[in-house]
$ cat input_2.pdb   # PDB, N, CA and C atoms and all ligand atoms
ATOM      1  N   MET R   9     -10.122 -12.699  32.466  1.00  0.00           N
ATOM      2  CA  MET R   9      -9.648 -11.447  31.840  1.00  0.00           C
ATOM      3  C   MET R   9     -10.726 -10.361  31.961  1.00  0.00           C
ATOM      4  N   ASP R  10     -10.388  -9.200  32.517  1.00  0.00           N
ATOM      5  CA  ASP R  10     -11.401  -8.145  32.585  1.00  0.00           C
ATOM      6  C   ASP R  10     -11.292  -7.230  31.368  1.00  0.00           C
ATOM      7  N   GLU R  11     -12.194  -6.261  31.345  1.00  0.00           N
ATOM      8  CA  GLU R  11     -12.269  -5.438  30.127  1.00  0.00           C
ATOM      9  C   GLU R  11     -11.045  -4.550  29.924  1.00  0.00           C
ATOM     10  N   ALA R  12     -10.446  -4.135  31.016  1.00  0.00           N
ATOM     11  CA  ALA R  12      -9.260  -3.278  30.914  1.00  0.00           C
ATOM     12  C   ALA R  12      -8.123  -4.047  30.247  1.00  0.00           C
ATOM     13  N   ASP R  13      -7.982  -5.309  30.603  1.00  0.00           N
ATOM     14  CA  ASP R  13      -6.956  -6.137  29.989  1.00  0.00           C
ATOM     15  C   ASP R  13      -7.199  -6.273  28.494  1.00  0.00           C
ATOM     16  N   LEU R  14      -8.456  -6.496  28.172  1.00  0.00           N
ATOM     17  CA  LEU R  14      -8.827  -6.686  26.767  1.00  0.00           C
ATOM     18  C   LEU R  14      -8.513  -5.429  25.958  1.00  0.00           C
ATOM     19  N   ALA R  15      -8.871  -4.274  26.530  1.00  0.00           N
ATOM     20  CA  ALA R  15      -8.614  -3.004  25.848  1.00  0.00           C
ATOM     21  C   ALA R  15      -7.117  -2.787  25.680  1.00  0.00           C
ATOM     22  N   ASN R  16      -6.389  -3.139  26.708  1.00  0.00           N
ATOM     23  CA  ASN R  16      -4.945  -2.984  26.674  1.00  0.00           C
ATOM     24  C   ASN R  16      -4.337  -3.853  25.574  1.00  0.00           C
ATOM     25  N   GLU R  17      -4.842  -5.053  25.489  1.00  0.00           N
ATOM     26  CA  GLU R  17      -4.344  -5.989  24.478  1.00  0.00           C
ATOM     27  C   GLU R  17      -4.628  -5.455  23.077  1.00  0.00           C
ATOM     28  N   LYS R  18      -5.823  -4.891  22.908  1.00  0.00           N
ATOM     29  CA  LYS R  18      -6.193  -4.322  21.612  1.00  0.00           C
ATOM     30  C   LYS R  18      -5.276  -3.156  21.256  1.00  0.00           C
ATOM     31  N   ALA R  19      -4.992  -2.322  22.255  1.00  0.00           N
ATOM     32  CA  ALA R  19      -4.126  -1.164  22.032  1.00  0.00           C
ATOM     33  C   ALA R  19      -2.736  -1.637  21.613  1.00  0.00           C
ATOM     34  N   GLU R  20      -2.263  -2.680  22.273  1.00  0.00           N
ATOM     35  CA  GLU R  20      -0.942  -3.206  21.934  1.00  0.00           C
ATOM     36  C   GLU R  20      -0.933  -3.771  20.516  1.00  0.00           C
ATOM     37  N   GLN R  21      -2.000  -4.462  20.176  1.00  0.00           N
ATOM     38  CA  GLN R  21      -2.118  -5.033  18.839  1.00  0.00           C
ATOM     39  C   GLN R  21      -2.125  -3.925  17.797  1.00  0.00           C
ATOM     40  N   PHE R  22      -2.857  -2.864  18.114  1.00  0.00           N
ATOM     41  CA  PHE R  22      -2.960  -1.737  17.207  1.00  0.00           C
ATOM     42  C   PHE R  22      -1.590  -1.094  17.003  1.00  0.00           C
ATOM     43  N   ALA R  23      -0.865  -0.907  18.084  1.00  0.00           N
ATOM     44  CA  ALA R  23       0.462  -0.295  18.011  1.00  0.00           C
ATOM     45  C   ALA R  23       1.404  -1.179  17.198  1.00  0.00           C
ATOM     46  N   ALA R  24       1.306  -2.476  17.398  1.00  0.00           N
ATOM     47  CA  ALA R  24       2.170  -3.403  16.669  1.00  0.00           C
ATOM     48  C   ALA R  24       1.872  -3.341  15.170  1.00  0.00           C
ATOM     49  N   ASP R  25       0.604  -3.274  14.834  1.00  0.00           N
ATOM     50  CA  ASP R  25       0.217  -3.184  13.421  1.00  0.00           C
ATOM     51  C   ASP R  25       0.740  -1.896  12.801  1.00  0.00           C
ATOM     52  N   ALA R  26       0.572  -0.791  13.524  1.00  0.00           N
ATOM     53  CA  ALA R  26       1.013   0.513  13.016  1.00  0.00           C
ATOM     54  C   ALA R  26       2.516   0.501  12.787  1.00  0.00           C
ATOM     55  N   LEU R  27       3.227  -0.074  13.729  1.00  0.00           N
ATOM     56  CA  LEU R  27       4.681  -0.143  13.637  1.00  0.00           C
ATOM     57  C   LEU R  27       5.106  -0.957  12.425  1.00  0.00           C
ATOM     58  N   ARG R  28       4.417  -2.064  12.221  1.00  0.00           N
ATOM     59  CA  ARG R  28       4.766  -2.934  11.106  1.00  0.00           C
ATOM     60  C   ARG R  28       4.528  -2.213   9.777  1.00  0.00           C
ATOM     61  N   GLN R  29       3.422  -1.468   9.734  1.00  0.00           N
ATOM     62  CA  GLN R  29       3.121  -0.731   8.501  1.00  0.00           C
ATOM     63  C   GLN R  29       4.179   0.317   8.221  1.00  0.00           C
ATOM     64  N   ILE R  30       4.603   1.013   9.271  1.00  0.00           N
ATOM     65  CA  ILE R  30       5.631   2.042   9.110  1.00  0.00           C
ATOM     66  C   ILE R  30       6.922   1.394   8.619  1.00  0.00           C
ATOM     67  N   ARG R  31       7.258   0.246   9.196  1.00  0.00           N
ATOM     68  CA  ARG R  31       8.485  -0.444   8.807  1.00  0.00           C
ATOM     69  C   ARG R  31       8.413  -0.888   7.346  1.00  0.00           C
ATOM     70  N   GLN R  32       7.279  -1.438   6.956  1.00  0.00           N
ATOM     71  CA  GLN R  32       7.106  -1.881   5.569  1.00  0.00           C
ATOM     72  C   GLN R  32       7.255  -0.707   4.620  1.00  0.00           C
ATOM     73  N   ARG R  33       6.696   0.433   5.021  1.00  0.00           N
ATOM     74  CA  ARG R  33       6.755   1.611   4.169  1.00  0.00           C
ATOM     75  C   ARG R  33       8.203   2.088   4.056  1.00  0.00           C
ATOM     76  N   ALA R  34       8.933   1.992   5.159  1.00  0.00           N
ATOM     77  CA  ALA R  34      10.314   2.471   5.183  1.00  0.00           C
ATOM     78  C   ALA R  34      11.201   1.621   4.279  1.00  0.00           C
ATOM     79  N   GLU R  35      10.813   0.358   4.092  1.00  0.00           N
ATOM     80  CA  GLU R  35      11.629  -0.521   3.266  1.00  0.00           C
ATOM     81  C   GLU R  35      11.502  -0.202   1.785  1.00  0.00           C
ATOM     82  N   GLN R  36      10.413   0.433   1.422  1.00  0.00           N
ATOM     83  CA  GLN R  36      10.225   0.780   0.018  1.00  0.00           C
ATOM     84  C   GLN R  36      10.873   2.125  -0.276  1.00  0.00           C
ATOM     85  N   PRO R  37      11.625   2.210  -1.364  1.00  0.00           N
ATOM     86  CA  PRO R  37      12.213   3.506  -1.700  1.00  0.00           C
ATOM     87  C   PRO R  37      11.121   4.497  -2.064  1.00  0.00           C
ATOM     88  N   PRO R  38      11.310   5.756  -1.723  1.00  0.00           N
ATOM     89  CA  PRO R  38      10.307   6.755  -2.086  1.00  0.00           C
ATOM     90  C   PRO R  38      10.204   6.880  -3.597  1.00  0.00           C
ATOM     91  N   SER R  39       9.044   7.279  -4.032  1.00  0.00           N
ATOM     92  CA  SER R  39       8.815   7.395  -5.466  1.00  0.00           C
ATOM     93  C   SER R  39       9.677   8.492  -6.086  1.00  0.00           C
ATOM     94  N   THR R  40      10.020   8.293  -7.346  1.00  0.00           N
ATOM     95  CA  THR R  40      10.754   9.317  -8.085  1.00  0.00           C
ATOM     96  C   THR R  40       9.799  10.387  -8.601  1.00  0.00           C
ATOM     97  N   GLY R  41       8.494  10.074  -8.532  1.00  0.00           N
ATOM     98  CA  GLY R  41       7.506  11.012  -9.041  1.00  0.00           C
ATOM     99  C   GLY R  41       7.249  10.819 -10.523  1.00  0.00           C
ATOM    100  N   ILE R  42       7.978   9.863 -11.107  1.00  0.00           N
ATOM    101  CA  ILE R  42       7.807   9.577 -12.535  1.00  0.00           C
ATOM    102  C   ILE R  42       7.267   8.154 -12.675  1.00  0.00           C
ATOM    103  N   CYS R  43       6.245   7.994 -13.504  1.00  0.00           N
ATOM    104  CA  CYS R  43       5.668   6.676 -13.717  1.00  0.00           C
ATOM    105  C   CYS R  43       6.680   5.753 -14.389  1.00  0.00           C
ATOM    106  N   ARG R  44       6.878   4.590 -13.815  1.00  0.00           N
ATOM    107  CA  ARG R  44       7.839   3.637 -14.363  1.00  0.00           C
ATOM    108  C   ARG R  44       7.331   3.013 -15.653  1.00  0.00           C
ATOM    109  N   SER R  45       6.046   3.066 -15.849  1.00  0.00           N
ATOM    110  CA  SER R  45       5.479   2.409 -17.016  1.00  0.00           C
ATOM    111  C   SER R  45       5.435   3.334 -18.229  1.00  0.00           C
ATOM    112  N   CYS R  46       4.896   4.539 -18.060  1.00  0.00           N
ATOM    113  CA  CYS R  46       4.706   5.417 -19.223  1.00  0.00           C
ATOM    114  C   CYS R  46       5.594   6.655 -19.172  1.00  0.00           C
ATOM    115  N   GLY R  47       6.300   6.889 -18.041  1.00  0.00           N
ATOM    116  CA  GLY R  47       7.223   8.009 -17.968  1.00  0.00           C
ATOM    117  C   GLY R  47       6.561   9.352 -17.692  1.00  0.00           C
ATOM    118  N   GLU R  48       5.267   9.331 -17.474  1.00  0.00           N
ATOM    119  CA  GLU R  48       4.563  10.572 -17.151  1.00  0.00           C
ATOM    120  C   GLU R  48       4.751  10.900 -15.672  1.00  0.00           C
ATOM    121  N   THR R  49       4.504  12.154 -15.312  1.00  0.00           N
ATOM    122  CA  THR R  49       4.574  12.563 -13.920  1.00  0.00           C
ATOM    123  C   THR R  49       3.411  11.936 -13.151  1.00  0.00           C
ATOM    124  N   ILE R  50       3.733  11.381 -11.992  1.00  0.00           N
ATOM    125  CA  ILE R  50       2.676  10.807 -11.153  1.00  0.00           C
ATOM    126  C   ILE R  50       1.934  11.950 -10.466  1.00  0.00           C
ATOM    127  N   GLU R  51       0.622  11.861 -10.412  1.00  0.00           N
ATOM    128  CA  GLU R  51      -0.203  12.909  -9.833  1.00  0.00           C
ATOM    129  C   GLU R  51       0.234  13.217  -8.398  1.00  0.00           C
ATOM    130  N   PRO R  52       0.468  14.502  -8.078  1.00  0.00           N
ATOM    131  CA  PRO R  52       0.903  14.872  -6.717  1.00  0.00           C
ATOM    132  C   PRO R  52      -0.055  14.375  -5.642  1.00  0.00           C
ATOM    133  N   GLU R  53      -1.335  14.402  -5.914  1.00  0.00           N
ATOM    134  CA  GLU R  53      -2.298  13.956  -4.901  1.00  0.00           C
ATOM    135  C   GLU R  53      -2.188  12.455  -4.678  1.00  0.00           C
ATOM    136  N   ARG R  54      -1.744  11.761  -5.716  1.00  0.00           N
ATOM    137  CA  ARG R  54      -1.533  10.323  -5.591  1.00  0.00           C
ATOM    138  C   ARG R  54      -0.295  10.055  -4.722  1.00  0.00           C
ATOM    139  N   LEU R  55       0.745  10.844  -4.929  1.00  0.00           N
ATOM    140  CA  LEU R  55       1.965  10.703  -4.136  1.00  0.00           C
ATOM    141  C   LEU R  55       1.730  11.098  -2.679  1.00  0.00           C
ATOM    142  N   ALA R  56       0.812  12.030  -2.485  1.00  0.00           N
ATOM    143  CA  ALA R  56       0.503  12.454  -1.119  1.00  0.00           C
ATOM    144  C   ALA R  56      -0.095  11.289  -0.337  1.00  0.00           C
ATOM    145  N   VAL R  57      -0.909  10.499  -1.021  1.00  0.00           N
ATOM    146  CA  VAL R  57      -1.539   9.348  -0.381  1.00  0.00           C
ATOM    147  C   VAL R  57      -0.563   8.191  -0.290  1.00  0.00           C
ATOM    148  N   ASN R  58       0.211   8.003  -1.358  1.00  0.00           N
ATOM    149  CA  ASN R  58       1.131   6.872  -1.424  1.00  0.00           C
ATOM    150  C   ASN R  58       2.502   7.342  -1.902  1.00  0.00           C
ATOM    151  N   PRO R  59       3.365   7.732  -0.957  1.00  0.00           N
ATOM    152  CA  PRO R  59       4.671   8.320  -1.322  1.00  0.00           C
ATOM    153  C   PRO R  59       5.577   7.358  -2.081  1.00  0.00           C
ATOM    154  N   THR R  60       5.257   6.065  -2.090  1.00  0.00           N
ATOM    155  CA  THR R  60       6.117   5.118  -2.790  1.00  0.00           C
ATOM    156  C   THR R  60       5.508   4.683  -4.119  1.00  0.00           C
ATOM    157  N   ALA R  61       4.449   5.343  -4.548  1.00  0.00           N
ATOM    158  CA  ALA R  61       3.813   4.979  -5.813  1.00  0.00           C
ATOM    159  C   ALA R  61       4.815   5.088  -6.955  1.00  0.00           C
ATOM    160  N   HIS R  62       4.894   4.067  -7.775  1.00  0.00           N
ATOM    161  CA  HIS R  62       5.841   4.118  -8.896  1.00  0.00           C
ATOM    162  C   HIS R  62       5.116   4.079 -10.235  1.00  0.00           C
ATOM    163  N   LEU R  63       3.804   4.147 -10.168  1.00  0.00           N
ATOM    164  CA  LEU R  63       3.007   4.197 -11.394  1.00  0.00           C
ATOM    165  C   LEU R  63       2.012   5.351 -11.294  1.00  0.00           C
ATOM    166  N   CYS R  64       1.715   5.982 -12.410  1.00  0.00           N
ATOM    167  CA  CYS R  64       0.676   6.998 -12.406  1.00  0.00           C
ATOM    168  C   CYS R  64      -0.682   6.311 -12.230  1.00  0.00           C
ATOM    169  N   ARG R  65      -1.696   7.099 -12.035  1.00  0.00           N
ATOM    170  CA  ARG R  65      -3.001   6.517 -11.718  1.00  0.00           C
ATOM    171  C   ARG R  65      -3.468   5.567 -12.821  1.00  0.00           C
ATOM    172  N   ASP R  66      -3.362   6.008 -14.068  1.00  0.00           N
ATOM    173  CA  ASP R  66      -3.828   5.188 -15.184  1.00  0.00           C
ATOM    174  C   ASP R  66      -3.092   3.852 -15.242  1.00  0.00           C
ATOM    175  N   CYS R  67      -1.764   3.914 -15.103  1.00  0.00           N
ATOM    176  CA  CYS R  67      -0.973   2.689 -15.188  1.00  0.00           C
ATOM    177  C   CYS R  67      -1.234   1.793 -13.982  1.00  0.00           C
ATOM    178  N   ALA R  68      -1.463   2.407 -12.830  1.00  0.00           N
ATOM    179  CA  ALA R  68      -1.750   1.627 -11.635  1.00  0.00           C
ATOM    180  C   ALA R  68      -3.057   0.860 -11.833  1.00  0.00           C
ATOM    181  N   ILE R  69      -4.036   1.525 -12.442  1.00  0.00           N
ATOM    182  CA  ILE R  69      -5.318   0.869 -12.708  1.00  0.00           C
ATOM    183  C   ILE R  69      -5.104  -0.278 -13.693  1.00  0.00           C
ATOM    184  N   GLU R  70      -4.317  -0.001 -14.728  1.00  0.00           N
ATOM    185  CA  GLU R  70      -4.032  -1.035 -15.721  1.00  0.00           C
ATOM    186  C   GLU R  70      -3.341  -2.237 -15.088  1.00  0.00           C
ATOM    187  N   GLU R  71      -2.352  -1.925 -14.243  1.00  0.00           N
ATOM    188  CA  GLU R  71      -1.613  -3.000 -13.596  1.00  0.00           C
ATOM    189  C   GLU R  71      -2.530  -3.825 -12.700  1.00  0.00           C
ATOM    190  N   GLU R  72      -3.403  -3.116 -11.982  1.00  0.00           N
ATOM    191  CA  GLU R  72      -4.335  -3.798 -11.090  1.00  0.00           C
ATOM    192  C   GLU R  72      -5.250  -4.728 -11.896  1.00  0.00           C
ATOM    193  N   GLU R  73      -5.718  -4.223 -13.028  1.00  0.00           N
ATOM    194  CA  GLU R  73      -6.580  -5.036 -13.890  1.00  0.00           C
ATOM    195  C   GLU R  73      -5.823  -6.262 -14.388  1.00  0.00           C
ATOM    196  N   ALA R  74      -4.578  -6.051 -14.813  1.00  0.00           N
ATOM    197  CA  ALA R  74      -3.754  -7.147 -15.332  1.00  0.00           C
ATOM    198  C   ALA R  74      -3.527  -8.194 -14.249  1.00  0.00           C
ATOM    199  N   ARG R  75      -3.310  -7.688 -13.016  1.00  0.00           N
ATOM    200  CA  ARG R  75      -3.072  -8.607 -11.911  1.00  0.00           C
ATOM    201  C   ARG R  75      -4.319  -9.441 -11.626  1.00  0.00           C
ATOM    202  N   LYS R  76      -5.463  -8.787 -11.654  1.00  0.00           N
ATOM    203  CA  LYS R  76      -6.718  -9.496 -11.424  1.00  0.00           C
ATOM    204  C   LYS R  76      -6.922 -10.558 -12.478  1.00  0.00           C
ATOM    205  N   LYS R  77      -6.646 -10.178 -13.729  1.00  0.00           N
ATOM    206  CA  LYS R  77      -6.834 -11.094 -14.852  1.00  0.00           C
ATOM    207  C   LYS R  77      -5.888 -12.296 -14.691  1.00  0.00           C
ATOM    208  N   ALA R  78      -4.629 -12.001 -14.382  1.00  0.00           N
ATOM    209  CA  ALA R  78      -3.635 -13.072 -14.206  1.00  0.00           C
ATOM    210  C   ALA R  78      -4.054 -13.988 -13.074  1.00  0.00           C
ATOM    211  N   HIS R  79      -4.594 -13.387 -12.025  1.00  0.00           N
ATOM    212  CA  HIS R  79      -5.015 -14.178 -10.879  1.00  0.00           C
ATOM    213  C   HIS R  79      -6.151 -15.109 -11.280  1.00  0.00           C
ATOM    214  N   ARG R  80      -7.078 -14.546 -12.072  1.00  0.00           N
ATOM    215  CA  ARG R  80      -8.226 -15.342 -12.510  1.00  0.00           C
ATOM    216  C   ARG R  80      -7.777 -16.526 -13.353  1.00  0.00           C
ATOM    217  N   LEU R  81      -6.741 -16.296 -14.165  1.00  0.00           N
ATOM    218  CA  LEU R  81      -6.255 -17.369 -15.038  1.00  0.00           C
ATOM    219  C   LEU R  81      -5.337 -18.327 -14.293  1.00  0.00           C
ATOM    220  N   GLY R  82      -5.043 -18.000 -13.054  1.00  0.00           N
ATOM    221  CA  GLY R  82      -4.208 -18.875 -12.257  1.00  0.00           C
ATOM    222  C   GLY R  82      -2.736 -18.761 -12.567  1.00  0.00           C
ATOM    223  N   ALA R  83      -2.354 -17.627 -13.169  1.00  0.00           N
ATOM    224  CA  ALA R  83      -0.961 -17.444 -13.540  1.00  0.00           C
ATOM    225  C   ALA R  83      -0.171 -16.730 -12.448  1.00  0.00           C
ATOM    226  N   GLY R  84      -0.808 -16.481 -11.364  1.00  0.00           N
ATOM    227  CA  GLY R  84      -0.080 -15.893 -10.265  1.00  0.00           C
ATOM    228  C   GLY R  84      -0.631 -14.547  -9.897  1.00  0.00           C
TER     229      GLY R  84
HETATM  230 ZN    ZN Q   1       1.863   5.741 -16.229  1.00  0.00          ZN
END
$ encode --input "input_2.pdb" --output "structure tokens"
Amino acid sequence: MDEADLANEKAEQFAADALRQIRQRAEQPPSTGICRSCGETIEPERLAVNPTAHLCRDCAIEEEEARKKAHRLGAG
């Protein structure tokens, strides 16, 4: 295998990854802009980064912490 083949393979892998990410994103409904947890408006800059965000920043942090804790306890 020469270097051109290797580069080509990497490019293909990259394209496949990008495509998969786009598809995964498309499967998620876009955010309503309202936090599902506390009902507050989700920060516009947060939605700009993650259009499918369903929690405001504070609740997302809380959820992440809860998930970490649950993981540590082995509850999933
Ligand atoms: Zn919230």
$ closest_atom_pairs --input "input_2.pdb" --of "chain R" --to "ligand ZN 1 (chain Q)" --cutoff "6 Å" --atoms "only N, CA and C atoms and all ligand atoms" --output "JSON lines"
{"residue": "R:Cys43", "atom": "CA", "partner": "Q:ZN1", "partner_atom": "ZN", "distance": 4.7}
{"residue": "R:Arg44", "atom": "N", "partner": "Q:ZN1", "partner_atom": "ZN", "distance": 5.7}
{"residue": "R:Ser45", "atom": "C", "partner": "Q:ZN1", "partner_atom": "ZN", "distance": 4.7}
{"residue": "R:Cys46", "atom": "N", "partner": "Q:ZN1", "partner_atom": "ZN", "distance": 3.7}
{"residue": "R:Gly47", "atom": "N", "partner": "Q:ZN1", "partner_atom": "ZN", "distance": 4.9}
{"residue": "R:Glu48", "atom": "N", "partner": "Q:ZN1", "partner_atom": "ZN", "distance": 5.1}
{"residue": "R:Leu63", "atom": "C", "partner": "Q:ZN1", "partner_atom": "ZN", "distance": 5.0}
{"residue": "R:Cys64", "atom": "N", "partner": "Q:ZN1", "partner_atom": "ZN", "distance": 3.8}
{"residue": "R:Arg65", "atom": "N", "partner": "Q:ZN1", "partner_atom": "ZN", "distance": 5.7}
{"residue": "R:Asp66", "atom": "C", "partner": "Q:ZN1", "partner_atom": "ZN", "distance": 5.4}
{"residue": "R:Cys67", "atom": "N", "partner": "Q:ZN1", "partner_atom": "ZN", "distance": 4.2}
{"residue": "R:Ala68", "atom": "N", "partner": "Q:ZN1", "partner_atom": "ZN", "distance": 5.8}
$ axis_aligned_box --input "input_2.pdb" --around "stretch 63-80 of chain R" --padding-each-side "5 Å" --output "AutoDock Vina command-line options"
--center_x -2.2 --center_y -4.7 --center_z -12.9 --size_x 22.0 --size_y 33.6 --size_z 15.6
$ atom_distance --input "input_2.pdb" --atom1 "atom N of R:Gln32" --atom2 "atom C of R:Val57"
14.4 Å
$ atom_distance --input "input_2.pdb" --atom1 "atom CA of R:Ala15" --atom2 "atom CA of R:Gln29"
21.1 Å
$ atom_distance --input "input_2.pdb" --atom1 "atom CA of R:Ser39" --atom2 "atom CA of R:Asn58"
8.7 Å
$ select_by_dssp --input "input_2.pdb" --residues "stretch 29-82 of chain R" --states "helix (DSSP H, G or I)" --output "ChimeraX atom specification"
/R:29-35,52-57,65-81
$ build_atoms --input "input_2.pdb" --residues "stretch 65-79 of chain R" --atoms "N, CA, C and O atoms" --output "JSON list (two decimals), keeping the file's coordinate frame"
[["chain", "number", "residue", "atom", "x", "y", "z"],
["R", 65, "ARG", "N", -1.70, 7.10, -12.04],
["R", 65, "ARG", "CA", -3.00, 6.52, -11.72],
["R", 65, "ARG", "C", -3.47, 5.57, -12.82],
["R", 65, "ARG", "O", -3.91, 4.46, -12.56],
["R", 66, "ASP", "N", -3.36, 6.01, -14.07],
["R", 66, "ASP", "CA", -3.83, 5.19, -15.18],
["R", 66, "ASP", "C", -3.09, 3.85, -15.24],
["R", 66, "ASP", "O", -3.70, 2.80, -15.41],
["R", 67, "CYS", "N", -1.76, 3.91, -15.10],
["R", 67, "CYS", "CA", -0.97, 2.69, -15.19],
["R", 67, "CYS", "C", -1.23, 1.79, -13.98],
["R", 67, "CYS", "O", -1.22, 0.57, -14.10],
["R", 68, "ALA", "N", -1.46, 2.41, -12.83],
["R", 68, "ALA", "CA", -1.75, 1.63, -11.64],
["R", 68, "ALA", "C", -3.06, 0.86, -11.83],
["R", 68, "ALA", "O", -3.17, -0.30, -11.45],
["R", 69, "ILE", "N", -4.04, 1.52, -12.44],
["R", 69, "ILE", "CA", -5.32, 0.87, -12.71],
["R", 69, "ILE", "C", -5.10, -0.28, -13.69],
["R", 69, "ILE", "O", -5.60, -1.38, -13.50],
["R", 70, "GLU", "N", -4.32, 0.00, -14.73],
["R", 70, "GLU", "CA", -4.03, -1.03, -15.72],
["R", 70, "GLU", "C", -3.34, -2.24, -15.09],
["R", 70, "GLU", "O", -3.67, -3.39, -15.36],
["R", 71, "GLU", "N", -2.35, -1.92, -14.24],
["R", 71, "GLU", "CA", -1.61, -3.00, -13.60],
["R", 71, "GLU", "C", -2.53, -3.82, -12.70],
["R", 71, "GLU", "O", -2.45, -5.05, -12.67],
["R", 72, "GLU", "N", -3.40, -3.12, -11.98],
["R", 72, "GLU", "CA", -4.34, -3.80, -11.09],
["R", 72, "GLU", "C", -5.25, -4.73, -11.90],
["R", 72, "GLU", "O", -5.49, -5.86, -11.51],
["R", 73, "GLU", "N", -5.72, -4.22, -13.03],
["R", 73, "GLU", "CA", -6.58, -5.04, -13.89],
["R", 73, "GLU", "C", -5.82, -6.26, -14.39],
["R", 73, "GLU", "O", -6.35, -7.38, -14.40],
["R", 74, "ALA", "N", -4.58, -6.05, -14.81],
["R", 74, "ALA", "CA", -3.75, -7.15, -15.33],
["R", 74, "ALA", "C", -3.53, -8.19, -14.25],
["R", 74, "ALA", "O", -3.56, -9.40, -14.51],
["R", 75, "ARG", "N", -3.31, -7.69, -13.02],
["R", 75, "ARG", "CA", -3.07, -8.61, -11.91],
["R", 75, "ARG", "C", -4.32, -9.44, -11.63],
["R", 75, "ARG", "O", -4.24, -10.64, -11.40],
["R", 76, "LYS", "N", -5.46, -8.79, -11.65],
["R", 76, "LYS", "CA", -6.72, -9.50, -11.42],
["R", 76, "LYS", "C", -6.92, -10.56, -12.48],
["R", 76, "LYS", "O", -7.31, -11.68, -12.21],
["R", 77, "LYS", "N", -6.65, -10.18, -13.73],
["R", 77, "LYS", "CA", -6.83, -11.09, -14.85],
["R", 77, "LYS", "C", -5.89, -12.30, -14.69],
["R", 77, "LYS", "O", -6.28, -13.44, -14.84],
["R", 78, "ALA", "N", -4.63, -12.00, -14.38],
["R", 78, "ALA", "CA", -3.64, -13.07, -14.21],
["R", 78, "ALA", "C", -4.05, -13.99, -13.07],
["R", 78, "ALA", "O", -3.91, -15.22, -13.18],
["R", 79, "HIS", "N", -4.59, -13.39, -12.02],
["R", 79, "HIS", "CA", -5.01, -14.18, -10.88],
["R", 79, "HIS", "C", -6.15, -15.11, -11.28],
["R", 79, "HIS", "O", -6.19, -16.26, -10.90]]
